[in-house]
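> Pasting upload38.txt here (compact mmCIF, C-alpha atoms and all ligand atoms):
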# COMPACT_ATOMS: atom_id res chain seq x y z
CA MET A 1 0.00 0.00 0.00
CA THR A 2 1.33 3.47 -0.78
CA ASP A 3 1.46 6.28 1.82
CA GLU A 4 -1.62 8.20 0.68
CA GLN A 5 -3.90 5.19 1.30
CA PRO A 6 -6.54 5.65 4.05
CA ALA A 7 -5.73 4.08 7.43
CA PRO A 8 -7.82 1.29 9.03
CA ASN A 9 -10.37 2.35 11.66
CA PRO A 10 -11.07 -0.77 13.76
CA HIS A 11 -12.70 1.14 16.66
CA ALA A 12 -15.55 3.19 15.19
CA SER A 13 -17.19 5.81 17.41
CA ALA A 14 -20.89 5.57 18.34
CA ASP A 15 -21.59 8.52 15.99
CA GLU A 16 -19.86 6.79 13.08
CA VAL A 17 -21.83 3.58 13.70
CA ALA A 18 -25.09 5.57 13.84
CA ALA A 19 -24.20 7.29 10.53
CA ALA A 20 -23.37 3.90 8.97
CA TYR A 21 -27.00 2.81 9.20
CA GLN A 22 -27.79 5.45 6.53
CA ASP A 23 -24.65 4.95 4.45
CA THR A 24 -23.98 1.44 3.19
CA LYS A 25 -20.39 2.16 2.08
CA LEU A 26 -19.46 3.68 5.45
CA ALA A 27 -21.03 0.57 7.03
CA GLN A 28 -18.83 -1.65 4.80
CA VAL A 29 -15.68 0.15 5.90
CA LEU A 30 -16.53 0.20 9.62
CA TYR A 31 -17.81 -3.36 9.73
CA HIS A 32 -14.92 -4.85 7.76
CA ASP A 33 -12.21 -2.71 9.40
CA TRP A 34 -13.59 -3.91 12.73
CA GLU A 35 -13.40 -7.59 11.80
CA ALA A 36 -10.26 -7.55 9.59
CA GLU A 37 -7.75 -8.78 12.17
CA THR A 38 -9.98 -11.66 13.36
CA TYR A 39 -11.63 -12.49 10.01
CA ASP A 40 -9.42 -15.46 9.06
CA ASP A 41 -10.05 -17.15 12.42
CA LYS A 42 -13.77 -16.43 12.34
CA TRP A 43 -14.24 -18.02 8.91
CA HIS A 44 -11.56 -20.74 9.32
CA ILE A 45 -9.60 -19.23 6.44
CA SER A 46 -6.14 -20.65 5.88
CA TYR A 47 -3.54 -20.55 3.13
CA ASP A 48 -2.77 -24.26 3.05
CA GLU A 49 -3.91 -27.19 0.92
CA ARG A 50 -7.46 -27.12 2.34
CA CYS A 51 -8.25 -23.57 1.21
CA ILE A 52 -6.11 -23.74 -1.94
CA THR A 53 -8.24 -26.69 -3.04
CA TYR A 54 -11.43 -24.90 -2.02
CA ALA A 55 -10.53 -21.75 -3.99
CA ARG A 56 -9.37 -23.72 -7.06
CA ASP A 57 -12.53 -25.86 -7.02
CA ARG A 58 -14.73 -22.73 -6.92
CA PHE A 59 -12.76 -21.25 -9.82
CA VAL A 60 -12.67 -24.38 -11.99
CA GLY A 61 -16.33 -25.10 -11.22
CA ALA A 62 -17.17 -21.68 -12.65
CA VAL A 63 -14.89 -21.55 -15.71
CA GLY A 64 -14.51 -25.24 -16.62
CA ALA A 65 -11.23 -27.17 -16.80
CA ASP A 66 -10.29 -25.62 -20.19
CA ASN A 67 -9.91 -22.09 -18.81
CA GLU A 68 -7.99 -22.98 -15.70
CA GLU A 69 -4.55 -21.43 -15.95
CA PRO A 70 -2.28 -19.65 -15.80
CA TYR A 71 -3.28 -15.96 -15.88
CA GLU A 72 -0.40 -13.49 -15.89
CA ARG A 73 -1.88 -10.53 -14.00
CA ALA A 74 -4.94 -10.76 -11.74
CA LEU A 75 -7.02 -8.28 -9.73
CA GLU A 76 -9.27 -9.11 -6.78
CA LEU A 77 -12.18 -6.86 -5.77
CA GLY A 78 -13.39 -6.97 -2.15
CA CYS A 79 -10.38 -9.13 -1.32
CA GLY A 80 -10.99 -9.21 2.44
CA THR A 81 -7.91 -10.90 3.89
CA GLY A 82 -6.97 -12.24 0.45
CA PHE A 83 -8.60 -15.66 0.78
CA PHE A 84 -9.57 -16.11 -2.88
CA LEU A 85 -6.76 -14.58 -4.94
CA LEU A 86 -3.88 -15.57 -2.65
CA ASN A 87 -5.06 -19.18 -2.64
CA LEU A 88 -5.66 -19.12 -6.41
CA MET A 89 -2.11 -17.81 -6.87
CA GLN A 90 -0.78 -20.60 -4.65
CA GLY A 91 -2.86 -23.03 -6.73
CA GLY A 92 -1.18 -21.85 -9.95
CA ILE A 93 -4.14 -19.95 -11.44
CA ALA A 94 -2.47 -16.49 -11.42
CA LYS A 95 1.11 -15.27 -11.28
CA LYS A 96 0.94 -11.63 -10.19
CA GLY A 97 -1.89 -10.25 -8.05
CA SER A 98 -3.42 -6.93 -7.02
CA VAL A 99 -5.69 -7.09 -3.96
CA THR A 100 -8.26 -4.31 -3.46
CA ASP A 101 -11.02 -3.64 -0.96
CA LEU A 102 -13.11 -0.72 0.31
CA SER A 103 -11.85 -1.48 3.82
CA PRO A 104 -8.28 -0.27 4.55
CA GLY A 105 -8.07 -2.82 7.39
CA MET A 106 -8.76 -5.69 4.97
CA VAL A 107 -6.20 -4.48 2.40
CA LYS A 108 -3.58 -4.25 5.15
CA VAL A 109 -4.22 -7.86 6.27
CA ALA A 110 -4.37 -9.17 2.66
CA LEU A 111 -1.02 -7.56 1.84
CA ARG A 112 0.49 -8.93 5.04
CA ASN A 113 -0.83 -12.43 4.18
CA GLY A 114 0.49 -12.18 0.61
CA GLU A 115 3.91 -11.08 1.81
CA GLY A 116 3.99 -13.87 4.41
CA LEU A 117 3.31 -16.40 1.64
CA GLY A 118 6.05 -14.92 -0.57
CA LEU A 119 3.60 -14.07 -3.37
CA ASP A 120 3.99 -11.30 -5.95
CA VAL A 121 1.17 -9.07 -4.64
CA ASP A 122 0.42 -5.35 -4.46
CA GLY A 123 -2.76 -3.73 -3.26
CA ARG A 124 -4.82 -0.64 -2.61
CA VAL A 125 -8.03 0.62 -1.13
CA ALA A 126 -10.60 0.69 -3.94
CA ASP A 127 -14.32 0.85 -4.53
CA ALA A 128 -15.48 -1.86 -6.95
CA GLU A 129 -17.81 0.66 -8.63
CA THR A 130 -14.88 2.90 -9.65
CA ILE A 131 -11.83 0.68 -10.02
CA PRO A 132 -8.65 2.79 -9.84
CA TYR A 133 -6.72 1.03 -12.65
CA GLU A 134 -6.20 1.83 -16.32
CA ASP A 135 -8.26 0.24 -19.11
CA ASP A 136 -7.02 -3.15 -20.41
CA THR A 137 -4.73 -3.89 -17.45
CA PHE A 138 -5.61 -7.38 -16.18
CA ASP A 139 -5.89 -10.88 -17.64
CA LEU A 140 -8.19 -11.97 -14.82
CA VAL A 141 -10.49 -10.22 -12.32
CA VAL A 142 -11.86 -12.24 -9.40
CA GLY A 143 -13.99 -11.74 -6.32
CA HIS A 144 -15.49 -13.95 -3.62
CA ALA A 145 -18.56 -13.01 -1.58
CA VAL A 146 -18.31 -9.38 -2.67
CA LEU A 147 -20.94 -8.61 -5.35
CA HIS A 148 -23.83 -8.82 -2.86
CA HIS A 149 -22.27 -5.89 -0.96
CA ILE A 150 -22.00 -3.53 -3.94
CA PRO A 151 -24.90 -1.08 -4.47
CA ASP A 152 -24.66 -0.97 -8.31
CA VAL A 153 -23.47 -4.43 -9.36
CA GLU A 154 -23.91 -3.75 -13.09
CA GLN A 155 -21.75 -0.62 -12.87
CA SER A 156 -19.11 -2.69 -11.12
CA LEU A 157 -19.20 -5.35 -13.86
CA ARG A 158 -18.79 -2.60 -16.48
CA GLU A 159 -15.72 -1.44 -14.58
CA VAL A 160 -14.41 -5.02 -14.45
CA LEU A 161 -14.74 -5.30 -18.22
CA ARG A 162 -13.02 -1.93 -18.66
CA VAL A 163 -9.90 -2.95 -16.68
CA LEU A 164 -9.74 -6.41 -18.28
CA LYS A 165 -7.57 -6.86 -21.36
CA PRO A 166 -9.50 -7.92 -24.49
CA GLY A 167 -10.22 -11.64 -24.10
CA GLY A 168 -9.62 -11.40 -20.33
CA ARG A 169 -11.88 -13.24 -17.90
CA PHE A 170 -13.75 -12.43 -14.69
CA VAL A 171 -14.93 -14.87 -12.03
CA PHE A 172 -17.08 -13.97 -9.02
CA ALA A 173 -17.92 -16.84 -6.69
CA GLY A 174 -19.55 -17.32 -3.31
CA GLU A 175 -22.58 -15.08 -3.93
CA PRO A 176 -25.92 -15.93 -2.25
CA THR A 177 -28.85 -16.94 -4.40
CA THR A 178 -32.22 -15.44 -3.46
CA VAL A 179 -33.75 -18.78 -2.48
CA GLY A 180 -30.59 -19.95 -0.72
CA ASP A 181 -30.29 -16.77 1.31
CA PHE A 182 -33.88 -17.19 2.50
CA TYR A 183 -33.38 -20.67 3.96
CA ALA A 184 -29.85 -19.89 5.21
CA ARG A 185 -31.10 -16.92 7.25
CA TRP A 186 -33.93 -18.94 8.77
CA LEU A 187 -31.62 -21.83 9.64
CA GLY A 188 -29.17 -19.36 11.23
CA ARG A 189 -31.88 -17.55 13.18
CA ILE A 190 -33.43 -20.76 14.54
CA THR A 191 -30.03 -22.20 15.52
CA TRP A 192 -29.07 -18.96 17.29
CA GLU A 193 -32.33 -18.80 19.26
CA ILE A 194 -32.20 -22.45 20.31
CA THR A 195 -28.51 -22.35 21.30
CA THR A 196 -28.61 -19.07 23.22
CA ASN A 197 -31.78 -20.11 25.09
CA VAL A 198 -30.90 -23.73 25.85
CA THR A 199 -27.52 -22.64 27.26
CA ARG A 200 -29.36 -20.61 29.93
CA LEU A 201 -30.16 -23.93 31.65
CA PRO A 202 -27.99 -24.24 34.80
CA PHE A 203 -26.30 -27.51 33.76
CA LEU A 204 -25.41 -26.07 30.30
CA ARG A 205 -24.09 -22.74 31.60
CA GLU A 206 -20.50 -23.52 30.63
CA TRP A 207 -21.69 -23.66 27.00
CA ARG A 208 -23.06 -20.11 27.20
CA ARG A 209 -20.98 -17.27 25.85
CA PRO A 210 -20.63 -14.24 28.14
CA GLN A 211 -23.60 -11.89 27.67
CA ALA A 212 -21.32 -9.03 26.52
CA GLU A 213 -20.05 -11.20 23.65
CA LEU A 214 -23.57 -12.25 22.68
CA ASP A 215 -24.66 -8.59 22.70
CA GLU A 216 -21.69 -7.68 20.51
CA SER A 217 -22.63 -10.45 18.05
CA SER A 218 -26.19 -9.12 17.91
CA ARG A 219 -24.93 -5.58 17.21
CA ALA A 220 -22.67 -6.98 14.47
CA ALA A 221 -25.61 -8.88 13.00
CA ALA A 222 -27.61 -5.62 12.86
CA LEU A 223 -24.82 -3.93 10.90
CA GLU A 224 -24.52 -7.04 8.72
CA ALA A 225 -28.09 -6.39 7.59
CA VAL A 226 -26.91 -2.98 6.29
CA VAL A 227 -23.89 -4.39 4.42
CA ASP A 228 -25.66 -7.39 2.82
CA ILE A 229 -27.53 -5.62 0.03
CA HIS A 230 -28.38 -8.19 -2.65
CA THR A 231 -29.20 -11.80 -3.34
CA PHE A 232 -29.13 -13.10 -6.93
CA ASP A 233 -31.26 -15.08 -9.32
CA PRO A 234 -29.04 -17.11 -11.71
CA ASP A 235 -30.89 -16.12 -14.93
CA ARG A 236 -30.94 -12.43 -14.03
CA MET A 237 -27.28 -12.48 -13.09
CA GLU A 238 -26.36 -13.93 -16.50
CA ALA A 239 -28.44 -11.26 -18.23
CA MET A 240 -26.80 -8.52 -16.15
CA ALA A 241 -23.29 -9.72 -17.04
CA ARG A 242 -24.25 -9.63 -20.74
CA ARG A 243 -25.72 -6.12 -20.42
CA ALA A 244 -22.46 -4.99 -18.80
CA GLY A 245 -20.66 -6.13 -21.98
CA ALA A 246 -19.49 -9.68 -21.20
CA VAL A 247 -19.45 -12.47 -23.73
CA ASP A 248 -19.82 -16.13 -22.74
CA ALA A 249 -21.54 -15.05 -19.51
CA ARG A 250 -22.32 -18.14 -17.47
CA VAL A 251 -23.70 -18.76 -14.00
CA THR A 252 -23.23 -21.96 -11.99
CA THR A 253 -24.66 -22.73 -8.55
CA GLU A 254 -23.58 -25.12 -5.79
CA GLU A 255 -24.31 -26.24 -2.19
CA PHE A 256 -27.80 -27.39 -1.46
CA SER A 257 -27.80 -30.09 1.24
CA ALA A 258 -24.32 -28.81 2.27
CA ALA A 259 -25.85 -25.41 3.07
CA PHE A 260 -28.47 -27.07 5.27
CA LEU A 261 -25.60 -28.38 7.40
CA GLY A 262 -23.22 -25.44 6.98
CA TRP A 263 -25.43 -22.61 8.23
CA PRO A 264 -26.55 -24.23 11.50
CA VAL A 265 -22.94 -25.37 12.12
CA ARG A 266 -21.50 -21.88 11.60
CA THR A 267 -24.18 -20.25 13.74
CA PHE A 268 -23.74 -22.79 16.54
CA GLU A 269 -19.97 -22.16 16.52
CA ALA A 270 -20.61 -18.42 16.89
CA ALA A 271 -23.09 -18.94 19.75
CA VAL A 272 -20.91 -21.05 22.10
CA PRO A 273 -17.66 -20.02 23.85
CA GLU A 274 -14.52 -19.99 21.73
CA GLY A 275 -12.40 -23.11 22.01
CA LYS A 276 -15.25 -25.19 23.44
CA LEU A 277 -15.66 -27.35 20.36
CA GLY A 278 -12.29 -29.10 19.76
CA PHE A 279 -10.94 -31.03 16.81
CA GLY A 280 -13.66 -33.70 16.82
CA TRP A 281 -16.24 -31.04 16.03
CA ALA A 282 -14.05 -29.47 13.33
CA GLY A 283 -13.67 -32.90 11.72
CA PHE A 284 -17.43 -33.49 11.83
CA ALA A 285 -18.20 -30.04 10.38
CA TYR A 286 -15.67 -30.23 7.53
CA GLY A 287 -16.22 -33.94 6.78
CA GLY A 288 -20.00 -33.48 6.81
CA TRP A 289 -19.79 -30.47 4.52
CA LYS A 290 -17.55 -32.35 2.05
CA THR A 291 -19.80 -35.41 1.99
CA LEU A 292 -22.93 -33.34 1.40
CA SER A 293 -21.16 -31.21 -1.23
CA ALA A 294 -20.36 -34.43 -3.11
CA LEU A 295 -24.02 -35.48 -2.83
CA ASP A 296 -25.06 -32.06 -4.20
CA GLU A 297 -22.58 -32.25 -7.05
CA ASN A 298 -23.15 -35.84 -8.12
CA VAL A 299 -26.84 -36.38 -7.41
CA LEU A 300 -28.94 -33.39 -6.39
CA ARG A 301 -27.61 -31.13 -9.16
CA ARG A 302 -29.47 -33.38 -11.65
CA VAL A 303 -32.86 -33.04 -9.97
CA VAL A 304 -32.94 -29.75 -8.05
CA PRO A 305 -33.31 -26.51 -10.11
CA ARG A 306 -30.16 -24.37 -9.96
CA ARG A 307 -31.83 -21.42 -8.26
CA PHE A 308 -32.41 -23.55 -5.11
CA PHE A 309 -28.69 -23.97 -4.48
CA TYR A 310 -27.10 -21.57 -2.01
CA ASN A 311 -23.97 -20.33 -3.78
CA LEU A 312 -23.69 -18.73 -7.17
CA ALA A 313 -20.66 -18.06 -9.38
CA VAL A 314 -20.62 -15.92 -12.50
CA THR A 315 -17.96 -15.80 -15.18
CA GLY A 316 -17.55 -14.17 -18.57
CA THR A 317 -14.97 -12.60 -20.84
CA LYS A 318 -14.29 -9.25 -22.43
CA PRO A 319 -14.77 -9.32 -26.23
CA ALA A 320 -11.42 -10.06 -27.87
C1 LIG B 1 -17.88 -10.95 2.87
S1 LIG B 1 -16.36 -10.09 2.67
C2 LIG B 1 -15.49 -11.23 1.61
C3 LIG B 1 -14.01 -11.10 1.70
C4 LIG B 1 -13.22 -12.09 0.87
N1 LIG B 1 -13.42 -11.90 -0.54
C5 LIG B 1 -13.54 -13.50 1.28
O1 LIG B 1 -14.22 -14.20 0.54
O2 LIG B 1 -13.13 -13.91 2.38
C6 LIG B 1 -16.78 -8.78 1.54
C7 LIG B 1 -15.65 -7.80 1.31
O3 LIG B 1 -16.08 -6.88 0.29
C8 LIG B 1 -15.65 -5.58 0.65
N2 LIG B 1 -16.50 -4.60 -0.03
C9 LIG B 1 -17.77 -4.27 0.24
N3 LIG B 1 -18.23 -3.33 -0.62
C10 LIG B 1 -17.22 -3.07 -1.47
C11 LIG B 1 -17.07 -2.19 -2.58
N4 LIG B 1 -18.06 -1.37 -2.97
N5 LIG B 1 -15.88 -2.16 -3.22
C12 LIG B 1 -14.87 -2.98 -2.80
N6 LIG B 1 -14.95 -3.82 -1.76
C13 LIG B 1 -16.11 -3.88 -1.09
C14 LIG B 1 -15.76 -5.56 2.16
O4 LIG B 1 -14.98 -4.53 2.74
C15 LIG B 1 -15.28 -6.97 2.52
O5 LIG B 1 -13.91 -7.04 2.77
Would you mind giving the structure from this file in C-alpha cells?
Ligand SMILES: C[S@@+](CC[C@H](N)C(=O)[O-])C[C@H]1O[C@@H](n2cnc3c(N)ncnc32)[C@H](O)[C@@H]1O


Amino acid sequence: MTDEQPAPNPHASADEVAAAYQDTKLAQVLYHDWEAETYDDKWHISYDERCITYARDRFVGAVGADNEEPYERALELGCGTGFFLLNLMQGGIAKKGSVTDLSPGMVKVALRNGEGLGLDVDGRVADAETIPYEDDTFDLVVGHAVLHHIPDVEQSLREVLRVLKPGGRFVFAGEPTTVGDFYARWLGRITWEITTNVTRLPFLREWRRPQAELDESSRAAALEAVVDIHTFDPDRMEAMARRAGAVDARVTTEEFSAAFLGWPVRTFEAAVPEGKLGFGWAGFAYGGWKTLSALDENVLRRVVPRRFFYNLAVTGTKPA
C-alpha cells in the first residue's frame, strides 16, 4: 500500500456507527475494518492445501477445466484478507496479483498475508464501482462473496470489463442466491435462538458465551443487515453480465444439502464459547460439509433446479 492510502479504523465511534445505518459504504468500511484482524479465524480461512483446493474448485467449477490457468496478472475486488486470490495464486491460477477492498483494514491484512506467503502481490483501497486502474490492465479479475455488498453491481461489472484486457476473464464466486439466502437466514436464526436459550439452563451454563459477547454479536448482525444488500437469481445475473458487456456469460450454482448443514454449524460455533468445540467437532463439520457437497454435485444437481442452491458463481470474458 502506498502512503496516501486511508488508514484502518477498527474502533468506530458511536456517531460513526449511527451514521453507517444510513450509508452502506461507510457501514462496509466500519464493519470490515472492525473484523479484519480476526476475520481469518472467524471463517476458518487458511492458506494451506485445504483452502487452496477450495478456492481452485470454486474457480474451476465456474470456468470449466479448459480455462484454468495460468493468468499473468490478476485483480481481486473486495479481497478481504486475500482468501480467494492468494489461494488461487498458490494453486497456480495467477502469477501476479493486485488485492483491493473498500476497507483499509482488509487491504492491510491481505497484503500482510500475501507477503507472508512470498507471493507477488500489491494492493490498494478501492471501490469496486470505480476501479482505480487503467483500461485493459488485467488478464483476470476475481472476487469472492463481494458482489452482494456492492450497491450498483452492473456498474461494477462494467468497470471489471473496462480494466480487463481484451479476451480477459472475470470470475465472481460465493454469492448468495435469493432462495438460498432465505433458507440460510432462517436456519441461522433458529439455531441462534435455540442455542442461546438452551444454554441458559444451569447444567449447560458452561456452554453459554458471556452476555457481553452475545450482545456484541447481535450488534454486528444488525450492521450485517446494512452491508448485505443483494441476493441473486441465476438467470438475471447472467443477463446482467451480458448487459455490462461480457461475452460467454455463465452462472453456476452449488451447495444445497451442504448449506443445510453449513449454516446451523457456523451459527452454533458463533453462539458457544470460543475453544469449546475441539478437533472432533471441526472434523465433523468439515467432513460433513464435504460429503454433502459431493451429494449435491453428483446427485442433487441433476434433480434440483439451480436457483435452489445456495452459492452462485458468474464468469464471462471481455470481447477479444
Ligand atoms: C464478505 S467479505 C469477503 C471477503 C473475501 N473476498 C472473502 O471471501 O473472504 C466482503 C468484502 O467486500 C468488501 N466490499 C464491500 N463493498 C465493497 C465495494 N463497494 N468495493 C470494494 N470492496 C467492497 C468488504 O470490505 C469486505 O472485505

> Taking into account all atoms listed in the file, which residue in the set A:Ile194, A:Ala74, A:Val227, A:Ala12 is nearest to ligand LIG 1 (chain B)?

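Once distances to ligand LIG 1 (chain B) are computed over all atoms listed in the file, the minimum belongs to A:Val227.
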
> Looking at A:Phe232, A:Trp186, A:Trp289, A:Phe84, which one is nearest to ligand LIG 1 (chain B), with distances taken over all atoms listed in the file?

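Closest to ligand LIG 1 (chain B), using all atoms listed in the file: A:Phe84.
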
> Hey, could you pull the box centre and edge lengths for ligand LIG 1 (chain B), axis-aligned, 6 Å padding per side, all listed atoms, to one decimal in Å, as JSON?


{"center_x": -15.7, "center_y": -7.8, "center_z": -0.2, "size_x": 17.1, "size_y": 24.8, "size_z": 18.1}

> Counting only C-alpha atoms and all ligand atoms, figure out which residue out of A:Leu117, A:Ala14, A:Leu147, A:Ala19 gets nearest to ligand LIG 1 (chain B).

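Closest candidate: A:Leu147.
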
> Using all atoms listed in the file, which residue out of A:Val142, A:Ala285, A:Met89, A:Ala246 lies closest to Ala259 in chain A?

A:Ala285

> Residues near Ser218 in chain A, anyone? I mean within 12 Å using all atoms listed in the file, not counting same-chain ones fewer than 4 positions away, as a list in words.

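Everything that qualifies: Arg189, Trp192, Glu193, Thr196, Gln211, Ala212, Glu213, Leu214, Ala222, Leu223, Glu224, Ala225, Ala270 and Ala271 of chain A.
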
> Just the residues within 9 Å of Pro319 in chain A, please, counting all atoms listed in the file, with nothing from its chain fewer than 2 positions along; format it as a ChimeraX atom specification.

/A:161,166-168,245-247,317

> Considering all atoms listed in the file, state which residue in the set A:Ala145, A:Val153, A:Ala110, A:Ile52 is at the smallest distance from ligand LIG 1 (chain B).

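Using all atoms listed in the file, ligand LIG 1 (chain B) sits closest to A:Ala145.
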
> Pick from A:Thr253, A:Asn67, A:Asn87, A:Asn113: nearest to Asp48 in chain A, with all atoms listed in the file counted?

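Checking each of A:Thr253, A:Asn67, A:Asn87, A:Asn113 against Asp48 in chain A, counting all atoms listed in the file, the winner is A:Asn87.
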